[in-house]
>>> print(open('upload_23.txt').read())   # compact mmCIF, C-alpha atoms and all ligand atoms
# COMPACT_ATOMS: atom_id res chain seq x y z
CA MET R 23 89.26 141.59 132.76
CA THR R 24 88.52 144.91 131.11
CA SER R 25 90.22 147.14 128.61
CA ALA R 26 91.33 149.31 131.51
CA VAL R 27 94.01 146.67 132.12
CA ALA R 28 95.74 147.57 128.86
CA ARG R 29 98.34 150.24 129.64
CA ILE R 30 101.09 151.74 127.44
CA ALA R 31 100.05 150.89 123.94
CA THR R 32 101.50 151.98 120.65
CA THR R 33 100.82 151.04 117.06
CA VAL R 34 103.11 150.57 114.07
CA SER R 35 101.59 150.23 110.60
CA VAL R 36 102.86 147.91 107.91
CA ALA R 37 101.93 149.62 104.66
CA LEU R 38 101.28 147.17 101.83
CA SER R 39 99.31 147.41 98.62
CA GLY R 40 95.72 146.23 98.37
CA GLU R 41 94.14 145.35 101.65
CA ARG R 42 97.15 143.53 102.93
CA GLY R 43 98.44 146.30 105.19
CA TYR R 44 98.07 145.73 108.93
CA GLU R 45 98.82 147.07 112.34
CA ILE R 46 101.27 145.91 114.97
CA GLN R 47 99.93 146.75 118.41
CA ILE R 48 102.52 146.84 121.17
CA GLY R 49 101.71 147.26 124.83
CA SER R 50 101.34 145.82 128.25
CA GLY R 51 98.19 143.83 129.01
CA LEU R 52 96.94 143.75 125.40
CA LEU R 53 95.99 140.09 125.64
CA SER R 54 93.02 141.03 127.81
CA THR R 55 91.60 143.13 124.97
CA ALA R 56 92.68 140.91 122.09
CA GLY R 57 89.09 139.77 121.54
CA GLU R 58 87.88 143.32 120.90
CA ARG R 59 90.91 144.13 118.78
CA LEU R 60 90.55 141.02 116.64
CA GLN R 61 86.88 141.67 115.92
CA ARG R 62 88.11 144.39 113.56
CA VAL R 63 89.91 141.89 111.32
CA ALA R 64 87.98 138.63 111.81
CA ARG R 65 85.55 137.40 109.16
CA SER R 66 83.95 134.75 111.35
CA GLY R 67 83.34 133.89 114.98
CA HIS R 68 85.43 130.73 114.61
CA VAL R 69 89.00 131.02 115.87
CA VAL R 70 91.67 128.34 116.11
CA ILE R 71 94.52 129.12 118.49
CA LEU R 72 97.69 127.40 117.29
CA THR R 73 100.39 127.18 119.94
CA GLN R 74 102.67 124.94 122.04
CA PRO R 75 101.50 123.16 125.23
CA LYS R 76 103.57 125.31 127.62
CA ILE R 77 102.39 128.58 126.10
CA ALA R 78 98.80 127.32 126.10
CA ALA R 79 99.14 126.66 129.84
CA LEU R 80 100.69 130.07 130.55
CA TRP R 81 98.74 132.40 128.26
CA GLY R 82 96.10 130.37 126.43
CA GLY R 83 93.46 130.93 129.12
CA ALA R 84 93.82 134.73 129.05
CA LEU R 85 93.57 134.76 125.26
CA ARG R 86 90.60 132.44 125.29
CA ASP R 87 88.74 134.56 127.88
CA SER R 88 89.45 137.71 125.96
CA LEU R 89 88.25 136.19 122.67
CA CYS R 90 85.00 135.08 124.33
CA ALA R 91 84.57 138.50 125.98
CA GLY R 92 85.13 140.08 122.54
CA GLY R 93 82.22 138.10 121.06
CA PHE R 94 84.01 135.15 119.47
CA ASP R 95 82.82 131.58 119.93
CA ALA R 96 84.88 129.50 122.36
CA PRO R 97 88.11 129.04 120.35
CA ASP R 98 89.57 125.69 119.34
CA LEU R 99 93.07 124.97 120.60
CA VAL R 100 95.62 123.10 118.50
CA THR R 101 99.16 122.46 119.75
CA PHE R 102 102.45 120.99 118.61
CA PRO R 103 105.65 120.35 120.62
CA ALA R 104 108.11 123.20 121.30
CA GLY R 105 111.54 123.34 119.69
CA GLU R 106 113.07 124.27 116.36
CA ARG R 107 113.36 120.56 115.59
CA PHE R 108 109.58 120.43 115.29
CA LYS R 109 109.52 123.16 112.66
CA THR R 110 109.13 120.51 109.98
CA VAL R 111 106.98 119.24 107.16
CA ALA R 112 106.00 116.33 109.44
CA THR R 113 104.58 118.80 111.97
CA MET R 114 102.66 120.51 109.17
CA ALA R 115 101.05 117.20 108.21
CA ARG R 116 100.06 116.56 111.83
CA LEU R 117 98.55 120.02 112.13
CA TYR R 118 96.53 119.64 108.91
CA ASP R 119 95.18 116.42 110.42
CA LYS R 120 94.25 118.13 113.66
CA LEU R 121 92.49 120.95 111.82
CA TYR R 122 90.65 118.48 109.63
CA ASN R 123 89.46 116.54 112.67
CA LEU R 124 88.22 119.48 114.74
CA PRO R 125 84.56 119.06 115.67
CA ARG R 126 83.84 122.40 114.06
CA THR R 127 84.83 122.44 110.39
CA VAL R 128 87.60 124.86 109.51
CA GLU R 129 86.40 127.07 106.68
CA ARG R 130 88.02 129.78 104.58
CA ARG R 131 86.79 132.46 107.00
CA THR R 132 88.13 130.74 110.12
CA LEU R 133 90.80 132.83 111.82
CA ILE R 134 94.06 131.21 112.91
CA VAL R 135 95.75 132.84 115.90
CA ALA R 136 99.46 132.09 116.26
CA LEU R 137 100.20 132.34 119.99
CA GLY R 138 103.91 131.89 120.70
CA GLY R 139 107.45 132.55 119.57
CA GLY R 140 108.95 132.51 116.11
CA VAL R 141 108.54 128.77 115.67
CA VAL R 142 104.79 128.93 116.34
CA GLY R 143 104.49 132.03 114.15
CA ASP R 144 106.37 130.50 111.21
CA VAL R 145 104.53 127.17 111.41
CA ALA R 146 101.05 128.60 112.08
CA GLY R 147 101.59 131.19 109.34
CA PHE R 148 102.48 128.45 106.86
CA VAL R 149 99.48 126.37 107.95
CA ALA R 150 97.33 129.46 107.35
CA ALA R 151 99.00 130.08 103.98
CA SER R 152 98.34 126.57 102.75
CA TYR R 153 95.29 124.98 104.42
CA LEU R 154 92.26 125.42 102.14
CA ARG R 155 94.65 127.48 99.95
CA GLY R 156 94.84 130.21 102.52
CA LEU R 157 93.20 131.33 105.76
CA ASP R 158 93.46 134.61 107.61
CA TYR R 159 95.78 134.59 110.58
CA VAL R 160 97.04 136.92 113.25
CA GLN R 161 100.26 136.87 115.21
CA VAL R 162 100.26 137.06 118.99
CA PRO R 163 104.01 136.86 119.68
CA THR R 164 105.15 135.80 123.16
CA THR R 165 108.94 135.94 122.77
CA LEU R 166 111.03 139.09 122.34
CA LEU R 167 112.40 137.66 119.11
CA ALA R 168 108.93 137.15 117.69
CA MET R 169 107.82 140.62 118.80
CA VAL R 170 110.73 142.46 117.20
CA ASP R 171 111.11 140.30 114.14
CA SER R 172 109.39 137.08 113.15
CA SER R 173 105.75 138.07 113.72
CA VAL R 174 106.06 140.92 111.22
CA GLY R 175 106.57 140.63 107.49
CA GLY R 176 104.72 137.51 106.41
CA LYS R 177 107.61 135.08 105.98
CA THR R 178 106.25 131.70 107.01
CA GLY R 179 107.66 128.22 106.66
CA VAL R 180 109.52 125.23 107.99
CA ASP R 181 113.03 123.81 107.89
CA PHE R 182 113.82 121.01 105.43
CA ARG R 183 116.76 118.57 105.49
CA ASP R 184 119.82 120.68 106.36
CA GLY R 185 118.24 123.95 105.23
CA LYS R 186 116.56 126.53 107.41
CA ASN R 187 113.13 127.80 106.27
CA LEU R 188 113.61 126.06 102.91
CA ILE R 189 109.90 125.43 102.45
CA GLY R 190 107.38 128.18 103.01
CA ALA R 191 105.33 131.02 101.66
CA PHE R 192 104.88 134.74 101.97
CA HIS R 193 101.59 135.22 103.79
CA GLN R 194 100.95 138.41 105.71
CA PRO R 195 99.06 138.32 109.02
CA ARG R 196 95.93 140.45 109.42
CA ALA R 197 97.27 141.95 112.65
CA VAL R 198 100.04 141.56 115.21
CA ILE R 199 99.31 141.93 118.92
CA ALA R 200 102.44 142.05 121.08
CA ASP R 201 101.58 141.93 124.77
CA LEU R 202 104.77 142.73 126.69
CA GLU R 203 103.32 141.07 129.80
CA THR R 204 103.84 137.68 128.19
CA LEU R 205 107.61 138.25 128.33
CA LYS R 206 107.43 137.94 132.11
CA THR R 207 107.39 134.15 131.81
CA LEU R 208 110.05 134.00 129.10
CA PRO R 209 113.35 132.39 130.22
CA SER R 210 116.19 134.95 130.28
CA ARG R 211 118.22 133.09 127.69
CA GLU R 212 115.28 133.36 125.27
CA PHE R 213 114.96 137.07 126.03
CA ARG R 214 118.65 137.57 125.24
CA SER R 215 118.24 135.66 122.01
CA GLY R 216 115.68 138.29 120.96
CA LEU R 217 118.20 141.01 121.72
CA GLY R 218 120.35 139.45 118.98
CA GLU R 219 117.80 140.62 116.40
CA VAL R 220 117.63 144.06 118.06
CA VAL R 221 121.42 144.40 117.75
CA LYS R 222 120.94 143.47 114.08
CA TYR R 223 118.55 146.42 113.57
CA GLY R 224 121.10 148.65 115.25
CA VAL R 225 123.81 147.53 112.83
CA ILE R 226 121.76 147.70 109.65
CA ARG R 227 119.63 150.78 110.30
CA ASP R 228 119.57 152.56 113.65
CA PRO R 229 122.84 152.64 115.65
CA SER R 230 121.05 154.34 118.56
CA LEU R 231 119.63 150.89 119.33
CA LEU R 232 123.15 149.77 120.18
CA ALA R 233 123.61 152.25 123.02
CA PRO R 234 123.76 150.12 126.18
CA ASN R 235 121.03 152.22 127.84
CA ARG R 236 118.67 151.55 124.90
CA LEU R 237 118.96 147.86 125.52
CA GLU R 238 118.51 148.31 129.27
CA VAL R 239 114.98 147.06 129.33
CA SER R 240 114.08 146.59 132.96
CA GLN R 241 111.66 149.51 132.54
CA SER R 242 108.55 148.56 130.61
CA GLU R 243 108.53 151.91 128.77
CA ALA R 244 112.09 151.25 127.55
CA LEU R 245 111.10 147.76 126.47
CA ALA R 246 108.03 149.03 124.62
CA GLU R 247 110.16 151.65 122.91
CA MET R 248 112.76 149.09 121.85
CA VAL R 249 110.07 146.80 120.41
CA ARG R 250 108.39 149.74 118.65
CA CYS R 251 111.65 150.96 117.14
CA SER R 252 112.55 147.45 115.92
CA CYS R 253 109.07 146.92 114.44
CA GLU R 254 109.24 150.25 112.65
CA ILE R 255 112.46 149.25 110.93
CA LYS R 256 111.07 145.87 109.99
CA ALA R 257 107.77 147.39 108.78
CA GLU R 258 109.56 149.99 106.68
CA VAL R 259 111.83 147.43 105.02
CA VAL R 260 108.99 144.97 104.41
CA SER R 261 106.77 147.71 102.92
CA ALA R 262 109.52 148.66 100.49
CA ASP R 263 110.45 145.11 99.45
CA GLU R 264 107.75 142.69 100.58
CA ARG R 265 108.99 139.62 98.72
CA GLU R 266 112.72 140.21 98.93
CA GLU R 267 113.04 141.11 95.28
CA SER R 268 115.02 144.35 95.26
CA GLY R 269 117.67 143.20 97.73
CA LEU R 270 116.54 145.67 100.39
CA ARG R 271 114.71 143.12 102.55
CA ALA R 272 117.79 140.94 102.45
CA ILE R 273 119.54 143.36 104.82
CA LEU R 274 117.32 141.90 107.55
CA ASN R 275 119.41 138.80 107.04
CA TYR R 276 122.55 140.44 108.42
CA GLY R 277 124.39 137.75 110.38
CA HIS R 278 122.01 135.06 109.18
CA THR R 279 124.10 133.45 106.43
CA VAL R 280 126.63 132.09 108.92
CA GLY R 281 123.97 131.99 111.68
CA HIS R 282 121.67 129.67 109.74
CA ALA R 283 124.61 127.47 108.71
CA LEU R 284 125.64 127.14 112.38
CA GLU R 285 122.10 126.28 113.46
CA SER R 286 121.92 123.62 110.80
CA ALA R 287 125.42 122.22 111.54
CA THR R 288 124.50 121.88 115.21
CA ARG R 289 121.09 120.37 114.35
CA TYR R 290 119.10 123.25 115.82
CA ARG R 291 119.91 122.03 119.32
CA ARG R 292 122.89 124.02 120.52
CA TYR R 293 121.97 127.63 119.82
CA LYS R 294 118.94 129.81 120.21
CA HIS R 295 118.27 131.60 116.93
CA GLY R 296 119.45 134.99 118.21
CA GLU R 297 122.66 133.41 119.57
CA ALA R 298 123.49 131.88 116.20
CA VAL R 299 122.73 135.25 114.60
CA ALA R 300 125.12 136.98 117.03
CA ILE R 301 127.97 134.62 116.08
CA GLY R 302 126.90 135.18 112.46
CA MET R 303 127.02 138.97 112.90
CA ALA R 304 130.54 138.74 114.32
CA ALA R 305 131.41 136.60 111.28
CA ALA R 306 129.75 139.05 108.86
CA ALA R 307 131.65 141.93 110.45
CA CYS R 308 134.96 140.08 110.01
CA ILE R 309 134.13 138.89 106.48
CA GLY R 310 133.18 142.50 105.69
CA GLU R 311 136.56 143.62 106.92
CA ALA R 312 138.32 140.92 104.90
CA ALA R 313 136.36 142.04 101.81
CA GLY R 314 137.37 145.65 102.34
CA VAL R 315 133.79 146.75 102.98
CA THR R 316 133.49 146.99 106.76
CA PRO R 317 135.88 149.41 108.49
CA VAL R 318 137.75 148.08 111.53
CA PRO R 319 135.90 150.29 114.10
CA VAL R 320 132.55 149.05 112.72
CA ARG R 321 133.67 145.44 113.00
CA GLU R 322 134.73 146.15 116.58
CA ALA R 323 131.44 147.87 117.41
CA VAL R 324 129.34 144.96 116.08
CA ILE R 325 131.24 142.45 118.19
CA ALA R 326 131.15 144.74 121.24
CA ALA R 327 127.37 145.21 120.94
CA CYS R 328 126.86 141.44 120.99
CA ARG R 329 129.21 141.03 123.93
CA VAL R 330 127.43 143.73 125.96
CA GLN R 331 124.27 141.63 125.71
CA ALA R 332 126.19 138.49 126.72
CA LEU R 333 125.52 137.07 123.29
CA PRO R 334 128.09 134.61 121.90
CA VAL R 335 130.52 135.73 119.18
CA LYS R 336 132.91 132.78 119.02
CA ARG R 337 132.57 130.11 116.35
CA PRO R 338 132.31 126.57 117.73
CA SER R 339 135.48 124.53 117.31
CA ASP R 340 133.62 121.39 116.23
CA VAL R 341 132.12 122.90 113.08
CA PRO R 342 134.83 122.95 110.39
CA VAL R 343 135.03 125.89 107.98
CA GLU R 344 134.43 123.40 105.12
CA ASP R 345 131.07 122.40 106.59
CA LEU R 346 130.06 126.02 107.07
CA ILE R 347 130.97 126.93 103.50
CA ALA R 348 129.05 123.95 102.11
CA LEU R 349 125.97 124.88 104.15
CA MET R 350 126.21 128.53 103.14
CA ALA R 351 126.10 127.57 99.47
CA ARG R 352 122.49 126.54 100.09
CA ASP R 353 121.61 129.95 101.50
CA LYS R 354 118.48 131.36 99.91
CA LYS R 355 120.37 134.49 98.92
CA ALA R 356 122.80 132.43 96.82
CA GLU R 357 122.67 133.03 93.07
CA GLY R 358 124.22 130.58 90.64
CA GLY R 359 125.80 128.80 93.61
CA VAL R 360 127.63 131.99 94.68
CA VAL R 361 126.92 133.13 98.21
CA ARG R 362 125.81 136.72 98.58
CA PHE R 363 126.47 138.42 101.86
CA VAL R 364 124.90 141.28 103.74
CA LEU R 365 127.81 143.44 104.89
CA ALA R 366 127.92 146.64 106.94
CA ARG R 367 129.53 149.68 105.33
CA SER R 368 129.07 151.73 108.46
CA LEU R 369 126.96 151.44 111.59
CA GLY R 370 123.39 151.83 110.36
CA LYS R 371 124.12 150.99 106.73
CA ALA R 372 124.20 147.45 105.35
CA GLU R 373 124.03 146.12 101.83
CA LEU R 374 123.57 142.81 100.03
CA MET R 375 126.83 142.20 98.18
CA GLY R 376 127.89 139.75 95.50
CA GLY R 377 131.49 138.98 94.68
CA ILE R 378 132.39 137.58 98.08
CA THR R 379 134.96 134.95 97.22
CA GLU R 380 135.78 131.83 99.18
CA THR R 381 139.17 133.36 99.96
CA MET R 382 137.44 136.36 101.59
CA LEU R 383 135.12 134.03 103.51
CA ARG R 384 138.03 132.02 104.86
CA ALA R 385 140.01 135.14 105.72
CA GLY R 386 137.00 136.61 107.51
CA LEU R 387 136.34 133.45 109.54
CA ALA R 388 140.04 133.28 110.45
CA LEU R 389 139.89 136.91 111.58
CA GLN R 390 136.83 136.08 113.71
CA ASP R 391 138.77 133.28 115.41
CA GLU R 392 141.67 135.65 116.00
CA VAL R 393 139.68 138.50 117.53
CA CYS R 394 136.92 136.50 119.27
CA GLY R 395 138.61 133.16 120.01
CA ARG R 396 137.01 129.74 119.46
CA GLU R 397 134.24 128.23 121.53
CA ASP R 398 135.09 124.77 122.78
CA GLY R 399 132.58 124.11 125.55
CA ASN R 400 128.83 123.78 125.47
CA ILE R 401 127.71 127.22 124.42
CA GLY R 402 124.27 126.58 125.87
CA GLU R 403 125.83 126.43 129.32
CA ALA R 404 128.32 129.20 128.67
CA VAL R 405 125.82 131.95 127.92
CA ARG R 406 123.03 131.01 130.27
N1 LIG R 501 109.52 134.68 109.83
C1 LIG R 501 110.50 135.50 110.09
O1 LIG R 501 110.60 136.59 109.50
C2 LIG R 501 111.49 135.13 111.15
C3 LIG R 501 112.39 136.10 111.63
C4 LIG R 501 113.26 135.76 112.68
C5 LIG R 501 113.22 134.47 113.21
N2 LIG R 501 112.35 133.55 112.69
C6 LIG R 501 112.26 132.20 113.26
O2 LIG R 501 111.86 132.30 114.61
C7 LIG R 501 112.30 131.11 115.28
C8 LIG R 501 112.85 131.48 116.65
O3 LIG R 501 111.83 132.06 117.39
P1 LIG R 501 111.93 132.18 118.99
O4 LIG R 501 113.28 132.65 119.34
O5 LIG R 501 110.76 132.95 119.41
O6 LIG R 501 111.91 130.67 119.48
P2 LIG R 501 110.72 129.68 119.86
O7 LIG R 501 109.50 129.98 119.12
O8 LIG R 501 111.28 128.32 119.74
O9 LIG R 501 110.45 130.03 121.41
C9 LIG R 501 111.47 129.75 122.33
C10 LIG R 501 110.95 128.93 123.52
O10 LIG R 501 110.24 129.78 124.41
C11 LIG R 501 108.96 129.22 124.71
N3 LIG R 501 108.10 130.37 124.95
C12 LIG R 501 107.56 131.21 124.04
N4 LIG R 501 106.93 132.22 124.62
C13 LIG R 501 107.05 132.03 125.96
C14 LIG R 501 106.62 132.76 127.10
N5 LIG R 501 105.99 133.93 126.99
N6 LIG R 501 106.91 132.26 128.32
C15 LIG R 501 107.62 131.11 128.44
N7 LIG R 501 108.06 130.40 127.41
C16 LIG R 501 107.79 130.85 126.17
C17 LIG R 501 108.63 128.39 123.51
O11 LIG R 501 107.70 127.39 123.84
C18 LIG R 501 110.00 127.81 123.16
O12 LIG R 501 110.28 126.71 123.99
C19 LIG R 501 113.31 130.45 114.39
O13 LIG R 501 112.72 129.32 113.80
C20 LIG R 501 113.58 131.50 113.32
O14 LIG R 501 113.93 130.94 112.08
C21 LIG R 501 111.49 133.87 111.69
ZN ZN R 502 116.49 136.01 112.56
>>> encode(input="upload_23.txt", output="structure tokens")
Amino acid sequence: MTSAVARIATTVSVALSGERGYEIQIGSGLLSTAGERLQRVARSGHVVILTQPKIAALWGGALRDSLCAGGFDAPDLVTFPAGERFKTVATMARLYDKLYNLPRTVERRTLIVALGGGVVGDVAGFVAASYLRGLDYVQVPTTLLAMVDSSVGGKTGVDFRDGKNLIGAFHQPRAVIADLETLKTLPSREFRSGLGEVVKYGVIRDPSLLAPNRLEVSQSEALAEMVRCSCEIKAEVVSADEREESGLRAILNYGHTVGHALESATRYRRYKHGEAVAIGMAAAACIGEAAGVTPVPVREAVIAACRVQALPVKRPSDVPVEDLIALMARDKKAEGGVVRFVLARSLGKAELMGGITETMLRAGLALQDEVCGREDGNIGEAVR
């Protein structure tokens, strides 16, 4: 394989202070030149690819060949099982063990390559943040969701008890390489889940992303453009508020307060992340309306944008409002036990708001049931 294979390629920069800034490279066939590209950021010839068995079988060989062609030593491969339910402290312990027992000692300069979706990226990033007090790592996202969202921004971590991403660290990657070719093996339901985060960017920042033709991604140029546009929004927000201190970065959590609670209530088994976020965005739109922040046409547009992508908007009937409210109180944006919510003021403008009372929450969730209906079947089947 040669660099001639790499076609359409575009770069988005994440500007951060010190030497922590990095580039997101987006294109088709980039895996075949990953070795060359990573030479620019690597501090050693030793690379450990961290991934899941299925992704290793599909794309691990191409990455390995490209690393060797780029002058790296034959990389070590470390895997853990797929599924959000393996995004745990127990998995971290197993991975530390595997790294410790590699024939070649992992040193501070060893480069970790996260090859996979958001679960691999979050777990591998946290391994890199913590093993030997911090290793360099790069993200090679293979799901749409990871390309447009999770591989960028340096949030790493695992779920703990009934809380999503409760344990983790901020640790920025040295580079992100998004090869759109890898999406060819991604199941369609996973692809759609990624569109949930794209709809989110449309609601919080760039309504042009919501136009049905923008999300019509059968053309690779259109897909590359959608990923680039999403990454630019994420990069801009992360550059301005890297550690979620000013409240700006929190807007990326639009739809996630209810979304995370639903994922947790259904034990991470029923919904894909982007599906839970879509139901959460419908909820946020309705709660926004109940709070007098989100105008009715905006609420309607948010729900319509999810529906166009065949993303779910109905709350499940077997998760009582009480359970949702209790889970939301643990949300990382909560302050003094009071939930703060990201609400849309208009399409393209969202804000982290305090003062959302339980009465508003209940009224919003009731409104969601009224306008969307309630889901009573197995959502996994319903949206496939
Ligand atoms: N760190 C962040 O900023 C951030 C942002 C958004 C989401 N997240 C996290 O991301 C996770 C969700 O990520 P996800 O949606 O990518 O799910 P995922 O990582 O679980 O991947 C979904 C499934 O697709 C498989 N897969 C991945 N790439 C494939 C490919 N190219 N071909 C075939 N199969 C492939 C995986 O093995 C897995 O079974 C959640 O844990 C969420 O909390 C993190
Ligand atoms: Zn998300």
>>> residues_near_ligand(input="upload_23.txt", ligand="ligand ZN 502 (chain R)", cutoff="10 Å", atoms="only C-alpha atoms and all ligand atoms", output="MDAnalysis selection string")
chainID R and resid 140 167:168 170:172 215:216 218:220 222 274:278 281:282 295:300
>>> residues_near_ligand(input="upload_23.txt", ligand="ligand LIG 501 (chain R)", cutoff="7 Å", atoms="only C-alpha atoms and all ligand atoms", output="number ranges by chain")
R: 74, 76-77, 80, 104-106, 138-142, 144, 164-168, 171-178, 186-187, 204-209, 212, 215-216, 294-296
>>> closest_atom_pairs(input="upload_23.txt", of="segment 335-406 of chain R", to="segment 313-316 of chain R", cutoff="10 Å", atoms="all atoms listed in the file", output="tab-separated table")
residue	atom	partner	partner_atom	distance
R:Leu365	CA	R:Thr316	CA	7.0
R:Ala366	CA	R:Thr316	CA	5.6
R:Arg367	CA	R:Thr316	CA	5.0
R:Ser368	CA	R:Thr316	CA	6.7
R:Leu369	CA	R:Thr316	CA	9.3
R:Ala372	CA	R:Thr316	CA	9.4
R:Glu373	CA	R:Val315	CA	9.8
R:Met375	CA	R:Val315	CA	9.6
R:Gly377	CA	R:Ala313	CA	9.2
R:Ile378	CA	R:Ala313	CA	7.0
R:Thr379	CA	R:Ala313	CA	8.6
R:Thr381	CA	R:Ala313	CA	9.3
R:Met382	CA	R:Ala313	CA	5.8
R:Leu383	CA	R:Ala313	CA	8.3
R:Ala385	CA	R:Ala313	CA	8.7
R:Gly386	CA	R:Ala313	CA	7.9
>>> residues_near_point(input="upload_23.txt", point="(104.1, 118.5, 107.6)", cutoff="12 Å", atoms="all atoms listed in the file", output="PyMOL selection string")
chain R and resi 102+108-120+145-146+148-149+152-153+179-182+189-190
>>> residues_around(input="upload_23.txt", residues="Arg265 of chain R", least_positions_apart="3", cutoff="9 Å", atoms="all atoms listed in the file", output="VMD selection string")
chain R and resid 177 192 260 268 271
>>> axis_aligned_box(input="upload_23.txt", around="segment 124-133 of chain R", padding_each_side="4 Å", output="JSON")
{"center_x": 87.3, "center_y": 125.9, "center_z": 110.1, "size_x": 15.0, "size_y": 21.8, "size_z": 19.1}
>>> closest_residue(input="upload_23.txt", among="R:Val34, R:Ala306, R:Ala200, R:Val280", to="Ile226 of chain R", atoms="all atoms listed in the file")
R:Ala306
>>> closest_residue(input="upload_23.txt", among="R:Ala233, R:Ala272, R:Cys394, R:Ala244", to="Lys256 of chain R", atoms="all atoms listed in the file")
R:Ala272
>>> atom_distance(input="upload_23.txt", atom1="atom CA of Pro342 of chain R", atom2="atom CA of Gly358 of chain R")
23.7 Å
>>> residues_around(input="upload_23.txt", residues="segment 57-65 of chain R", least_positions_apart="3", cutoff="7 Å", atoms="all atoms listed in the file", output="list in words")
Ser88, Leu89, Cys90, Ala91, Gly92, Arg131, Leu133 and Arg196 of chain R
>>> atom_distance(input="upload_23.txt", atom1="atom CA of Leu202 of chain R", atom2="atom CA of Ser50 of chain R")
4.9 Å
>>> atom_distance(input="upload_23.txt", atom1="atom CA of Glu380 of chain R", atom2="atom CA of Leu270 of chain R")
23.7 Å
>>> closest_residue(input="upload_23.txt", among="R:Ser252, R:Ser261, R:Gln390, R:Ser39", to="Gly310 of chain R", atoms="all atoms listed in the file")
R:Gln390
>>> closest_atom_pairs(input="upload_23.txt", of="segment 211-313 of chain R", to="segment 324-328 of chain R", cutoff="7 Å", atoms="all atoms listed in the file", output="Markdown table")
| residue | atom | partner | partner_atom | distance |
| --- | --- | --- | --- | --- |
| R:Val221 | CA | R:Ala327 | CA | 6.8 |
| R:Val225 | CA | R:Val324 | CA | 6.9 |
| R:Leu232 | CA | R:Ala327 | CA | 6.3 |
| R:Ala300 | CA | R:Cys328 | CA | 6.2 |
| R:Ala304 | CA | R:Ile325 | CA | 5.4 |
| R:Ala307 | CA | R:Val324 | CA | 6.8 |
>>> closest_residue(input="upload_23.txt", among="R:Arg352, R:Arg211, R:His68, R:Arg130", to="Pro97 of chain R", atoms="all atoms listed in the file")
R:His68
>>> closest_residue(input="upload_23.txt", among="R:Tyr293, R:Ala351, R:Val393, R:Thr127", to="Phe363 of chain R", atoms="all atoms listed in the file")
R:Ala351
>>> residues_around(input="upload_23.txt", residues="Val69 of chain R", least_positions_apart="4", cutoff="8 Å", atoms="all atoms listed in the file", output="PyMOL selection string")
chain R and resi 94-98+132-135
